[in-house]
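The next block is structure.cif, given as mmCIF, C-alpha atoms and all ligand atoms.
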data_start
loop_
_atom_site.label_atom_id
_atom_site.label_comp_id
_atom_site.auth_asym_id
_atom_site.auth_seq_id
_atom_site.Cartn_x
_atom_site.Cartn_y
_atom_site.Cartn_z
CA MET A 1 -1.91 28.48 7.76
CA PHE A 2 1.70 27.85 6.83
CA SER A 3 4.61 30.21 6.28
CA VAL A 4 7.89 29.66 4.45
CA THR A 5 10.28 30.36 7.33
CA ARG A 6 12.63 27.94 9.09
CA GLN A 7 11.21 29.20 12.37
CA HIS A 8 7.75 27.99 11.35
CA ALA A 9 9.14 24.50 10.57
CA THR A 10 10.76 24.38 14.03
CA GLN A 11 7.51 25.48 15.61
CA LEU A 12 5.59 22.72 13.81
CA ASP A 13 8.13 20.17 15.06
CA GLU A 14 7.67 21.41 18.60
CA GLN A 15 3.90 21.00 18.32
CA ASP A 16 4.15 17.56 16.65
CA ALA A 17 2.34 14.98 18.81
CA LEU A 18 4.24 12.16 17.09
CA ALA A 19 7.75 13.63 17.19
CA GLN A 20 8.92 11.11 19.81
CA TYR A 21 8.38 8.21 17.37
CA ARG A 22 11.23 9.32 15.14
CA ASP A 23 13.58 7.66 17.62
CA ALA A 24 11.66 4.41 17.36
CA PHE A 25 13.11 3.95 13.85
CA ILE A 26 16.64 3.44 12.54
CA PHE A 27 17.88 5.90 9.92
CA PRO A 28 20.47 4.96 7.27
CA LYS A 29 24.02 5.56 8.45
CA GLY A 30 26.03 8.47 7.09
CA LYS A 31 25.57 12.20 7.19
CA GLU A 32 22.14 13.45 8.17
CA ILE A 33 19.61 11.63 6.00
CA ARG A 34 16.20 13.15 5.29
CA TYR A 35 14.21 10.06 4.38
CA PHE A 36 11.29 10.49 1.97
CA CYS A 37 11.17 6.93 0.59
CA GLY A 38 8.73 5.30 3.02
CA HIS A 39 6.50 4.66 -0.02
CA SER A 40 9.15 2.24 -1.27
CA LEU A 41 10.77 0.83 1.88
CA GLY A 42 9.80 2.01 5.34
CA LEU A 43 12.51 2.36 7.99
CA GLN A 44 13.29 -0.39 10.47
CA ALA A 45 11.46 -0.14 13.80
CA GLU A 46 14.01 -0.28 16.66
CA GLN A 47 12.23 -3.20 18.28
CA THR A 48 12.82 -5.42 15.23
CA LYS A 49 16.33 -6.38 16.34
CA THR A 50 15.14 -7.61 19.74
CA TYR A 51 12.35 -9.69 18.20
CA MET A 52 14.69 -11.10 15.59
CA GLN A 53 17.12 -12.09 18.32
CA GLN A 54 14.24 -13.70 20.23
CA TYR A 55 13.24 -15.66 17.14
CA LEU A 56 16.81 -16.91 16.68
CA SER A 57 17.08 -17.92 20.36
CA ASP A 58 13.70 -19.70 20.25
CA TRP A 59 14.71 -21.57 17.14
CA GLY A 60 18.06 -22.48 18.71
CA ASN A 61 16.65 -23.40 22.12
CA PHE A 62 13.42 -25.12 21.16
CA ALA A 63 13.91 -26.31 17.56
CA VAL A 64 10.63 -27.95 16.44
CA ASP A 65 9.03 -27.26 19.83
CA GLY A 66 9.19 -23.54 18.96
CA HIS A 67 5.85 -24.10 17.26
CA TRP A 68 4.32 -24.40 20.75
CA LYS A 69 6.94 -22.90 23.09
CA GLY A 70 8.79 -19.60 23.40
CA ALA A 71 7.70 -15.98 23.53
CA SER A 72 5.52 -16.16 20.39
CA PRO A 73 4.85 -19.76 19.30
CA TRP A 74 5.05 -20.08 15.52
CA LEU A 75 1.92 -22.20 15.08
CA SER A 76 -0.38 -19.31 15.90
CA PHE A 77 2.04 -16.46 15.10
CA HIS A 78 -0.02 -15.13 12.18
CA GLU A 79 -3.08 -14.68 14.42
CA TRP A 80 -1.44 -11.74 16.21
CA PHE A 81 -1.71 -9.71 12.98
CA GLN A 82 -5.49 -9.88 12.76
CA LYS A 83 -6.10 -7.00 15.16
CA PRO A 84 -3.73 -4.38 13.73
CA LEU A 85 -4.54 -5.34 10.13
CA SER A 86 -8.28 -5.17 10.77
CA LEU A 87 -7.85 -1.69 12.28
CA LEU A 88 -5.75 -0.53 9.35
CA THR A 89 -8.15 -1.81 6.71
CA GLY A 90 -11.50 -1.18 8.40
CA ALA A 91 -12.28 -4.88 8.46
CA TYR A 92 -13.31 -7.60 10.90
CA PRO A 93 -10.43 -9.70 12.22
CA ASP A 94 -11.59 -12.76 10.28
CA GLU A 95 -11.39 -10.79 7.02
CA VAL A 96 -7.64 -10.09 7.12
CA VAL A 97 -4.54 -12.24 7.12
CA ALA A 98 -0.79 -11.72 6.87
CA MET A 99 0.46 -14.17 4.25
CA ASN A 100 2.65 -14.57 1.16
CA SER A 101 3.51 -11.45 -0.83
CA LEU A 102 1.39 -8.99 -2.77
CA THR A 103 1.46 -10.47 -6.27
CA VAL A 104 1.08 -14.01 -4.94
CA ASN A 105 -1.98 -12.90 -2.98
CA LEU A 106 -3.27 -11.22 -6.10
CA HIS A 107 -3.13 -14.53 -7.97
CA ILE A 108 -4.78 -16.29 -5.03
CA CYS A 109 -7.63 -13.75 -5.02
CA PHE A 110 -7.96 -13.82 -8.80
CA ALA A 111 -8.37 -17.60 -8.56
CA SER A 112 -11.36 -17.00 -6.30
CA PHE A 113 -12.88 -13.87 -7.82
CA TYR A 114 -12.21 -13.99 -11.53
CA ARG A 115 -15.02 -16.22 -12.74
CA PRO A 116 -15.43 -15.54 -16.44
CA HIS A 117 -18.67 -16.81 -17.91
CA ARG A 118 -19.85 -16.51 -21.51
CA LYS A 119 -19.90 -12.79 -22.37
CA ARG A 120 -18.83 -11.72 -18.89
CA TYR A 121 -15.05 -12.17 -18.98
CA LYS A 122 -13.55 -8.67 -19.09
CA ILE A 123 -11.54 -6.84 -16.44
CA LEU A 124 -11.66 -3.08 -16.06
CA THR A 125 -8.49 -1.62 -14.60
CA GLU A 126 -6.40 1.53 -14.66
CA TYR A 127 -3.86 2.51 -17.28
CA TRP A 128 -1.10 3.41 -14.79
CA ASN A 129 -1.02 -0.04 -13.26
CA PHE A 130 2.18 -1.23 -11.62
CA SER A 131 4.04 -3.72 -13.84
CA SER A 132 3.47 -6.68 -11.54
CA ASP A 133 -0.29 -6.12 -11.52
CA ARG A 134 -0.33 -5.81 -15.30
CA PHE A 135 1.62 -9.06 -15.69
CA ALA A 136 -0.67 -10.79 -13.20
CA LEU A 137 -3.78 -9.62 -15.06
CA GLU A 138 -2.42 -10.55 -18.49
CA SER A 139 -1.31 -13.99 -17.37
CA LEU A 140 -4.67 -14.52 -15.66
CA VAL A 141 -6.84 -13.90 -18.72
CA SER A 142 -4.38 -15.83 -20.93
CA LEU A 143 -4.73 -18.84 -18.62
CA TYR A 144 -8.45 -18.82 -19.42
CA GLY A 145 -7.72 -18.57 -23.14
CA TYR A 146 -8.57 -14.90 -23.65
CA ASP A 147 -6.52 -12.30 -25.48
CA PRO A 148 -5.36 -9.67 -22.93
CA LYS A 149 -5.93 -6.94 -25.53
CA ASP A 150 -9.59 -7.87 -25.66
CA ALA A 151 -10.22 -9.03 -22.09
CA ILE A 152 -8.47 -6.21 -20.22
CA ILE A 153 -9.92 -2.71 -20.50
CA THR A 154 -7.47 -0.10 -19.24
CA LEU A 155 -8.83 3.28 -18.27
CA LYS A 156 -6.59 6.14 -19.33
CA PRO A 157 -6.69 9.60 -17.83
CA LYS A 158 -7.91 12.30 -20.21
CA LYS A 159 -5.31 13.74 -22.60
CA ASN A 160 -2.49 15.63 -20.82
CA ARG A 161 -3.87 14.57 -17.44
CA PHE A 162 -2.58 12.05 -14.90
CA ILE A 163 -5.60 11.75 -12.69
CA VAL A 164 -8.52 9.53 -13.65
CA GLU A 165 -11.82 11.27 -12.95
CA TRP A 166 -14.51 9.38 -11.03
CA GLN A 167 -17.01 10.25 -13.74
CA ASP A 168 -14.86 8.40 -16.32
CA ILE A 169 -14.60 5.33 -14.09
CA GLU A 170 -18.36 5.34 -13.52
CA GLU A 171 -19.06 5.70 -17.23
CA ALA A 172 -16.64 2.89 -18.14
CA ILE A 173 -18.21 0.54 -15.60
CA ALA A 174 -21.68 1.33 -16.91
CA GLN A 175 -20.61 1.10 -20.56
CA HIS A 176 -18.95 -2.32 -20.23
CA GLY A 177 -21.21 -3.52 -17.40
CA SER A 178 -22.63 -6.70 -18.94
CA GLU A 179 -19.14 -7.87 -20.01
CA LEU A 180 -17.31 -7.16 -16.76
CA ALA A 181 -16.23 -10.05 -14.55
CA LEU A 182 -13.93 -7.94 -12.40
CA VAL A 183 -13.08 -4.32 -11.64
CA PHE A 184 -9.58 -3.99 -10.29
CA PHE A 185 -7.92 -0.75 -9.18
CA ASN A 186 -5.21 0.46 -6.83
CA GLY A 187 -6.24 2.16 -3.61
CA VAL A 188 -3.56 4.77 -4.26
CA ASN A 189 -1.70 4.82 -7.55
CA TYR A 190 2.06 4.25 -7.33
CA TYR A 191 2.92 6.76 -10.06
CA THR A 192 0.49 9.63 -9.54
CA GLY A 193 -0.36 9.37 -5.85
CA GLN A 194 -4.07 9.53 -6.69
CA ALA A 195 -6.32 7.88 -4.09
CA PHE A 196 -9.27 6.29 -5.85
CA PRO A 197 -12.87 6.46 -4.55
CA MET A 198 -12.89 2.83 -3.47
CA GLU A 199 -16.37 2.73 -2.03
CA ALA A 200 -17.90 4.26 -5.16
CA ILE A 201 -15.94 1.89 -7.43
CA SER A 202 -16.96 -1.12 -5.35
CA ARG A 203 -20.64 -0.18 -5.42
CA ALA A 204 -20.60 0.61 -9.16
CA ALA A 205 -18.89 -2.71 -9.94
CA HIS A 206 -21.46 -4.63 -7.90
CA ARG A 207 -24.33 -2.80 -9.56
CA VAL A 208 -23.33 -4.30 -12.92
CA GLY A 209 -22.68 -7.75 -11.45
CA ALA A 210 -18.85 -7.68 -11.35
CA TYR A 211 -16.51 -8.46 -8.48
CA CYS A 212 -14.27 -5.70 -7.21
CA GLY A 213 -10.71 -5.91 -5.86
CA PHE A 214 -7.91 -3.50 -4.94
CA ASP A 215 -4.13 -3.40 -4.74
CA LEU A 216 -3.44 -1.54 -1.50
CA ALA A 217 0.37 -1.39 -1.79
CA HIS A 218 0.24 2.40 -1.47
CA ALA A 219 -2.96 2.61 0.56
CA ILE A 220 -2.52 0.48 3.67
CA GLY A 221 -0.91 2.46 6.47
CA ASN A 222 -1.36 5.54 4.32
CA ILE A 223 -5.05 6.36 3.93
CA THR A 224 -8.12 5.55 6.00
CA LEU A 225 -9.83 2.39 4.78
CA SER A 226 -13.26 0.85 5.47
CA LEU A 227 -13.09 -2.25 3.31
CA HIS A 228 -15.87 -4.11 5.08
CA ASP A 229 -18.41 -1.30 4.87
CA TRP A 230 -17.41 -0.52 1.31
CA ARG A 231 -18.24 -4.17 0.51
CA VAL A 232 -14.99 -4.65 -1.38
CA ASP A 233 -14.71 -8.32 -2.40
CA PHE A 234 -10.96 -8.62 -1.93
CA ALA A 235 -7.81 -6.56 -1.46
CA VAL A 236 -4.10 -7.34 -1.22
CA TRP A 237 -1.06 -5.43 0.00
CA CYS A 238 2.62 -5.51 0.79
CA SER A 239 4.05 -4.50 4.16
CA TYR A 240 7.45 -3.10 3.30
CA LYS A 241 6.22 0.38 2.37
CA TYR A 242 4.00 2.38 4.74
CA LEU A 243 3.85 -0.48 7.26
CA ASN A 244 7.67 -0.54 7.71
CA GLY A 245 7.72 -4.36 7.70
CA GLY A 246 11.16 -4.72 6.06
CA PRO A 247 12.37 -5.78 2.59
CA GLY A 248 10.16 -8.51 1.12
CA ALA A 249 8.13 -8.66 4.34
CA VAL A 250 5.04 -10.82 4.44
CA GLY A 251 2.10 -9.35 2.50
CA GLY A 252 -1.57 -9.47 3.37
CA ALA A 253 -5.07 -10.02 2.07
CA PHE A 254 -8.63 -8.98 2.85
CA ILE A 255 -11.59 -11.06 1.79
CA HIS A 256 -15.04 -9.82 2.71
CA GLN A 257 -16.90 -11.94 5.26
CA ARG A 258 -19.62 -12.79 2.78
CA HIS A 259 -17.02 -14.78 0.85
CA ALA A 260 -14.52 -15.59 3.60
CA LEU A 261 -17.09 -17.26 5.87
CA GLU A 262 -18.63 -19.20 3.00
CA LYS A 263 -16.86 -22.56 2.86
CA ASN A 264 -17.85 -23.08 -0.78
CA THR A 265 -16.05 -19.97 -2.04
CA PRO A 266 -13.70 -21.42 -4.67
CA ARG A 267 -10.04 -21.16 -3.71
CA MET A 268 -6.49 -22.41 -4.19
CA ALA A 269 -6.12 -24.65 -1.15
CA GLY A 270 -3.19 -25.69 1.04
CA TRP A 271 -2.75 -27.25 4.46
CA TRP A 272 -2.53 -23.96 6.37
CA GLY A 273 -6.03 -23.03 5.24
CA HIS A 274 -7.39 -26.38 6.45
CA GLU A 275 -8.82 -26.86 9.95
CA ALA A 276 -5.94 -27.23 12.40
CA SER A 277 -7.00 -30.45 14.12
CA THR A 278 -6.84 -32.60 10.95
CA ARG A 279 -4.05 -30.85 9.06
CA PHE A 280 -1.75 -33.85 9.20
CA GLN A 281 -4.23 -36.54 8.24
CA LEU A 282 -3.42 -38.54 5.16
CA SER A 283 -6.96 -38.63 3.83
CA GLY A 284 -10.07 -36.53 4.07
CA LYS A 285 -11.56 -33.54 2.31
CA PHE A 286 -10.28 -29.99 2.56
CA LYS A 287 -12.15 -28.19 5.34
CA PRO A 288 -11.32 -24.48 5.30
CA VAL A 289 -10.68 -22.61 8.52
CA LYS A 290 -13.43 -19.99 8.96
CA GLY A 291 -12.65 -16.58 7.58
CA VAL A 292 -9.80 -15.45 5.38
CA ASP A 293 -7.43 -17.76 7.28
CA GLY A 294 -9.01 -20.48 5.18
CA PHE A 295 -7.32 -18.95 2.14
CA GLN A 296 -3.82 -19.51 3.52
CA ILE A 297 -1.82 -22.06 1.61
CA SER A 298 1.56 -22.51 3.30
CA ASN A 299 2.71 -22.17 6.89
CA ALA A 300 3.61 -18.67 8.01
CA PRO A 301 7.09 -17.27 7.15
CA ILE A 302 7.95 -16.27 10.72
CA ALA A 303 11.30 -14.55 10.08
CA ASN A 304 9.58 -12.49 7.43
CA MET A 305 6.89 -11.26 9.82
CA ILE A 306 9.04 -9.98 12.65
CA GLY A 307 9.80 -6.50 11.32
CA LEU A 308 6.11 -6.06 10.62
CA LYS A 309 5.16 -7.06 14.16
CA ALA A 310 7.61 -4.53 15.61
CA SER A 311 6.15 -1.78 13.44
CA LEU A 312 2.48 -2.70 13.89
CA GLU A 313 2.91 -2.53 17.65
CA LEU A 314 3.52 1.18 17.14
CA PHE A 315 0.40 1.48 14.97
CA LEU A 316 -1.55 -0.07 17.86
CA LYS A 317 -0.18 2.52 20.30
CA VAL A 318 -1.13 5.62 18.35
CA ASP A 319 -4.61 6.92 17.59
CA ALA A 320 -5.23 6.48 13.85
CA LYS A 321 -6.76 9.96 13.70
CA VAL A 322 -3.54 11.52 15.01
CA LEU A 323 -1.55 9.71 12.32
CA ALA A 324 -4.03 10.74 9.64
CA PHE A 325 -3.91 14.35 10.76
CA LYS A 326 -0.10 14.52 10.56
CA ARG A 327 -0.06 12.80 7.17
CA GLU A 328 -2.48 15.31 5.68
CA HIS A 329 -0.79 18.24 7.39
CA GLN A 330 2.69 17.30 6.14
CA TYR A 331 1.35 16.64 2.65
CA GLN A 332 -0.22 20.09 2.51
CA TYR A 333 2.91 21.66 4.05
CA LEU A 334 5.19 20.10 1.44
CA CYS A 335 2.90 21.15 -1.44
CA TYR A 336 2.64 24.64 0.03
CA LEU A 337 6.42 25.04 0.35
CA LEU A 338 7.10 23.71 -3.15
CA SER A 339 4.48 25.94 -4.74
CA SER A 340 5.64 28.99 -2.76
CA LEU A 341 9.40 28.53 -3.01
CA CYS A 342 9.99 26.94 -6.41
CA THR A 343 8.88 29.98 -8.36
CA VAL A 344 11.40 32.27 -10.08
CA GLN A 345 12.97 30.70 -13.14
CA ASN A 346 16.47 32.36 -13.22
CA GLY A 347 18.80 29.63 -14.50
CA LYS A 348 16.97 26.74 -12.89
CA LYS A 349 17.42 23.44 -14.61
CA TYR A 350 14.34 21.42 -13.66
CA PHE A 351 10.69 22.08 -14.44
CA GLY A 352 8.12 20.15 -12.49
CA SER A 353 4.43 20.06 -11.76
CA ILE A 354 2.75 18.41 -8.80
CA ILE A 355 0.43 15.77 -10.24
CA SER A 356 -0.92 14.17 -7.07
CA PRO A 357 -4.32 15.70 -6.30
CA GLN A 358 -4.52 18.45 -3.66
CA GLU A 359 -8.07 17.69 -2.47
CA GLU A 360 -8.41 15.84 0.81
CA ASN A 361 -9.33 12.14 0.37
CA GLN A 362 -7.85 12.10 -3.14
CA HIS A 363 -4.25 11.50 -2.12
CA GLY A 364 -2.16 9.72 0.47
CA SER A 365 1.12 11.07 1.78
CA MET A 366 3.08 10.72 -1.48
CA VAL A 367 3.68 13.92 -3.42
CA CYS A 368 4.41 13.12 -7.07
CA ILE A 369 6.15 15.67 -9.27
CA HIS A 370 6.08 15.20 -13.02
CA CYS A 371 9.57 16.30 -14.03
CA PRO A 372 10.88 15.10 -17.41
CA GLY A 373 14.66 14.70 -17.17
CA GLY A 374 14.50 14.77 -13.38
CA LYS A 375 16.30 11.48 -12.75
CA SER A 376 19.64 13.28 -12.40
CA LEU A 377 18.03 15.55 -9.81
CA VAL A 378 17.01 12.50 -7.76
CA ASP A 379 20.65 11.31 -7.85
CA GLU A 380 21.85 14.78 -6.86
CA LEU A 381 19.36 14.93 -3.97
CA HIS A 382 20.45 11.50 -2.78
CA SER A 383 24.08 12.64 -2.62
CA LYS A 384 22.98 15.60 -0.48
CA GLY A 385 21.15 13.34 1.99
CA PHE A 386 17.61 13.88 0.61
CA TRP A 387 16.28 10.41 -0.21
CA VAL A 388 13.41 10.69 -2.68
CA ASP A 389 12.88 8.36 -5.64
CA TRP A 390 12.21 8.21 -9.34
CA ARG A 391 9.64 6.28 -11.33
CA GLU A 392 9.91 5.87 -15.06
CA PRO A 393 9.16 7.63 -17.23
CA ASP A 394 9.01 11.06 -15.55
CA VAL A 395 8.06 11.19 -11.90
CA ILE A 396 9.82 12.15 -8.68
CA ARG A 397 8.09 10.72 -5.60
CA ILE A 398 8.46 12.39 -2.19
CA THR A 399 6.76 10.93 0.87
CA PRO A 400 6.87 12.34 4.37
CA SER A 401 6.13 9.65 6.96
CA PRO A 402 4.18 10.65 10.07
CA TRP A 403 6.42 8.22 11.96
CA PHE A 404 9.84 9.56 11.12
CA THR A 405 9.72 12.72 9.00
CA SER A 406 10.05 16.08 10.72
CA TYR A 407 8.71 19.37 9.43
CA SER A 408 12.32 20.57 9.36
CA ASP A 409 13.15 17.71 6.96
CA ILE A 410 10.40 18.92 4.63
CA TYR A 411 11.59 22.49 4.93
CA ALA A 412 15.22 21.58 4.18
CA LEU A 413 14.22 19.57 1.10
CA SER A 414 12.00 22.37 -0.19
CA ILE A 415 14.76 24.95 0.23
CA TYR A 416 17.16 22.73 -1.71
CA LEU A 417 14.60 22.19 -4.48
CA SER A 418 13.84 25.91 -4.65
CA LYS A 419 17.41 26.48 -5.85
CA VAL A 420 17.14 24.11 -8.80
CA MET A 421 13.49 23.60 -9.70
CA VAL A 422 10.55 25.61 -10.94
CA ILE A 423 7.07 24.26 -10.17
CA LYS A 424 4.85 25.19 -13.10
C1 LIG B 1 1.53 -0.96 -6.60
C2 LIG B 1 2.33 -2.20 -6.46
N1 LIG B 1 1.79 -3.38 -6.76
C3 LIG B 1 2.51 -4.52 -6.67
C4 LIG B 1 3.82 -4.53 -6.25
C5 LIG B 1 4.57 -5.82 -6.21
O1 LIG B 1 4.73 -6.30 -4.92
P1 LIG B 1 5.35 -7.73 -4.54
O2 LIG B 1 6.73 -7.79 -5.06
O3 LIG B 1 5.33 -7.69 -3.04
O4 LIG B 1 4.47 -8.77 -5.11
C6 LIG B 1 4.42 -3.30 -5.90
C7 LIG B 1 5.82 -3.25 -5.45
O5 LIG B 1 6.41 -2.26 -5.20
C8 LIG B 1 3.66 -2.12 -6.02
O6 LIG B 1 4.19 -0.91 -5.73
#
Hey, can you dump this file as structure tokens for me?
Ligand SMILES: Cc1ncc(COP(=O)(O)O)c(C=O)c1O
Amino acid sequence: MFSVTRQHATQLDEQDALAQYRDAFIFPKGKEIRYFCGHSLGLQAEQTKTYMQQYLSDWGNFAVDGHWKGASPWLSFHEWFQKPLSLLTGAYPDEVVAMNSLTVNLHICFASFYRPHRKRYKILTEYWNFSSDRFALESLVSLYGYDPKDAIITLKPKKNRFIVEWQDIEEAIAQHGSELALVFFNGVNYYTGQAFPMEAISRAAHRVGAYCGFDLAHAIGNITLSLHDWRVDFAVWCSYKYLNGGPGAVGGAFIHQRHALEKNTPRMAGWWGHEASTRFQLSGKFKPVKGVDGFQISNAPIANMIGLKASLELFLKVDAKVLAFKREHQYQYLCYLLSSLCTVQNGKKYFGSIISPQEENQHGSMVCIHCPGGKSLVDELHSKGFWVDWREPDVIRITPSPWFTSYSDIYALSIYLSKVMVIK
């Protein structure tokens, strides 16, 4: 049970099993910043600087030999990521790889898993797709000569709603079943904060003979995933949000073992996916490395992986259940405070409603408030040290991070909002 007092917030901070990790991250300079933008760019893990320095010294000291020498030789650098990424996604180590960036990985996976054939060429996806995913999907079907308006079915929430009901997804999959080549959703939607029932979507897609893939930009490091058991065909993600990997950090991909271990799975090939011993030979056929590593194209962008390594080391130290508990607890605490405090109307300028679902397992840590005209409020909050963000057309996004957000931060933000906003 929560209460709306400052004392209660302090008490929750004192009981917080993860409070010590706040100091493992660097906050923006300036007056006290309450950072709620981990859904956009996570904070820098302290250890990043040391590893970056190490990378620069290794490059300086060893030059090309750095591929084999130094603290973390570059040739096998990407292999370190298998363990933490497999834990975060509920996958086997040979199903996950850190490579490229999200949209690039999306195109790579589409090349393997969009296999239109006669009447089966359509893609079912969600209406509130992020722009990059929409562009990727439209360009994909156009490449095959289809009209995006015909080949892409976008599922809208019911009128005046933001959340897409499972029943509607199930019905759409069944209705279009024989035409569907691919079902593609987000794990957690970037605009509404809704977490989709990935296992149910994956099973329903397979029942009608379609492949199933997910964009996990807002899911990885945020909700509990079991991609292998859910039999998801593929998933892609970025690492700069909940994984705190740094701006433009290397992305990642999951490909289920049943495809990743099959050497005949069609793919866009490059030398880094080819078996290591013959990578430099001038002739010979492409022989994929076993597992998702065989879907790599270029050599690993080491500098771009260092912030992620520093952050994932922390994920390895902490029990995932403890992180999940704090995420859920802070989410409920923030929703509770907003609903309790932002009540009386008297002269308040902003009118919002929380659109991310309240039910457990239907949201991550991002609380989304639909607030037409609220962009100026986001600017005002920023100037007061409360860093939240705005997504067009009408949503304020607020995300406590179990790594670096305190209960007192959430309390302070809620008190500020209570002076200017009514939650309807
Ligand atoms: C949901 C979602 N998908 C895709 C992207 C694009 O990612 P990238 O620029 O790493 O390809 C983003 C970026 O924020 C995103 O939020």
Inset, instruction - May I ask for the distance between CA of Phe196 in chain A and CA of Phe36 in chain A, given in Å to one decimal place? - result: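 Separating CA of Phe196 in chain A from CA of Phe36 in chain A is a distance of 22.4 Å.
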Legend entry - For CA of Glu170 in chain A and CA of Lys122 in chain A, the interatomic separation in Å (one decimal):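 Distance reported for this atom pair: 15.8 Å.
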List every residue of chain A that has an atom at most 10 Å from any atom of ligand LIG 1 (chain B), giving for each one its closest atom pair and the distance in Å to one decimal, counting only C-alpha atoms and all ligand atoms, sorted by chain and then by ascending residue number, as CSV.
residue,atom,partner,partner_atom,distance
A:His39,CA,B:LIG1,O6,8.3
A:Ser40,CA,B:LIG1,O5,6.6
A:Leu41,CA,B:LIG1,O5,8.9
A:Asn100,CA,B:LIG1,O3,8.5
A:Ser101,CA,B:LIG1,O3,4.7
A:Leu102,CA,B:LIG1,O4,3.9
A:Thr103,CA,B:LIG1,O4,3.6
A:Val104,CA,B:LIG1,O4,6.2
A:Asn105,CA,B:LIG1,O4,7.9
A:Leu106,CA,B:LIG1,O4,8.2
A:His107,CA,B:LIG1,O4,10.0
A:Trp128,CA,B:LIG1,C1,9.6
A:Asn129,CA,B:LIG1,C1,7.2
A:Phe130,CA,B:LIG1,C1,5.1
A:Ser131,CA,B:LIG1,C3,7.4
A:Ser132,CA,B:LIG1,C3,5.4
A:Asp133,CA,B:LIG1,C3,5.8
A:Arg134,CA,B:LIG1,N1,9.1
A:Ala136,CA,B:LIG1,C3,9.6
A:Phe185,CA,B:LIG1,C1,9.8
A:Asn186,CA,B:LIG1,C1,6.9
A:Gly187,CA,B:LIG1,C1,8.9
A:Val188,CA,B:LIG1,C1,8.0
A:Asn189,CA,B:LIG1,C1,6.7
A:Tyr190,CA,B:LIG1,C1,5.3
A:Tyr191,CA,B:LIG1,C1,8.6
A:Phe214,CA,B:LIG1,N1,9.9
A:Asp215,CA,B:LIG1,N1,6.3
A:Leu216,CA,B:LIG1,C1,7.1
A:Ala217,CA,B:LIG1,C1,5.0
A:His218,CA,B:LIG1,C1,6.3
A:Ala219,CA,B:LIG1,C1,9.2
A:Val236,CA,B:LIG1,N1,9.0
A:Trp237,CA,B:LIG1,O3,7.4
A:Cys238,CA,B:LIG1,O3,5.2
A:Ser239,CA,B:LIG1,O3,8.0
A:Tyr240,CA,B:LIG1,O3,8.1
A:Lys241,CA,B:LIG1,O5,8.0
A:Pro247,CA,B:LIG1,O3,9.2
A:Gly248,CA,B:LIG1,O3,6.4
A:Ala249,CA,B:LIG1,O3,8.0
A:Val250,CA,B:LIG1,O3,8.1
A:Gly251,CA,B:LIG1,O3,6.6
A:Gly252,CA,B:LIG1,O3,9.6
Legend entry - Among listed residues A:Lys158, A:Lys31, A:His228, A:Arg327, nearest Leu18 in chain A (using all atoms listed in the file): A:Arg327
Legend entry - Which of A:Ser353, A:Thr48, A:Thr192, A:Thr89 sits closest to Cys371 in chain A [using all atoms listed in the file]: A:Ser353
Inset, instruction - Write out as a ChimeraX atom specification the residues lying within 8 Å of Gly374 in chain A, counting only C-alpha atoms and excluding same-chain residues fewer than 6 positions away. - result: /A:350,394-396
Those residues you just picked out, can you put them in a file as a CSV table (one decimal), keeping the file's coordinate frame with C-alpha atoms?
chain,number,residue,atom,x,y,z
A,350,TYR,CA,14.3,21.4,-13.7
A,394,ASP,CA,9.0,11.1,-15.6
A,395,VAL,CA,8.1,11.2,-11.9
A,396,ILE,CA,9.8,12.2,-8.7
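If you measure from each of A:Val183, A:Leu337, A:Val422, A:Leu75 to Ser298 in chain A using only C-alpha atoms, the closest one turns out to be A:Leu75.
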Neighbours of range 406-411 of chain A within 6 Å (all atoms listed in the file; same-chain residues fewer than 3 positions away dropped), as a CSV table (one decimal) with C-alpha atoms, in the frame of the given file?
chain,number,residue,atom,x,y,z
A,9,ALA,CA,9.1,24.5,10.6
A,13,ASP,CA,8.1,20.2,15.1
A,34,ARG,CA,16.2,13.2,5.3
A,414,SER,CA,12.0,22.4,-0.2
Legend entry - Å distance separating CA of Asp379 in chain A from CA of Gln330 in chain A, one decimal place: 23.5 Å
Excluding Thr50 in chain A and any residue of its chain fewer than 4 positions from it, enumerate the residues within 12 Å of it, using all atoms listed in the file, and give them as a short mmCIF file (atom, residue, chain, number, x, y, z; two decimals) with C-alpha atoms, in the coordinates of the input.
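Done, and the output landed in out.cif:
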data_model
loop_
_atom_site.label_atom_id
_atom_site.label_comp_id
_atom_site.auth_asym_id
_atom_site.auth_seq_id
_atom_site.Cartn_x
_atom_site.Cartn_y
_atom_site.Cartn_z
CA GLN A 44 13.29 -0.39 10.47
CA ALA A 45 11.46 -0.14 13.80
CA GLU A 46 14.01 -0.28 16.66
CA GLN A 54 14.24 -13.70 20.23
CA TYR A 55 13.24 -15.66 17.14
CA LEU A 56 16.81 -16.91 16.68
CA SER A 57 17.08 -17.92 20.36
CA ALA A 71 7.70 -15.98 23.53
CA ILE A 306 9.04 -9.98 12.65
CA GLY A 307 9.80 -6.50 11.32
CA LYS A 309 5.16 -7.06 14.16
CA ALA A 310 7.61 -4.53 15.61
#
Inset, instruction - Could you give me, as a list in words, the residues that sit within 12 Å of (1.7, -17.1, 16.1) in the file's coordinates, counting only C-alpha atoms? - result: Tyr55, Gly66, His67, Trp68, Lys69, Gly70, Ala71, Ser72, Pro73, Trp74, Leu75, Ser76, Phe77, His78, Glu79, Trp80, Phe81, Gln82, Val97, Ala98, Asn299, Ala300, Pro301, Ile302, Ala303, Met305, Ile306 and Lys309 of chain A
Legend entry - Expected answer as a PyMOL selection string: all residues with atoms within 8 Å of (15.5, 23.8, -8.9), all atoms listed in the file: chain A and resi 342+348-351+416-422
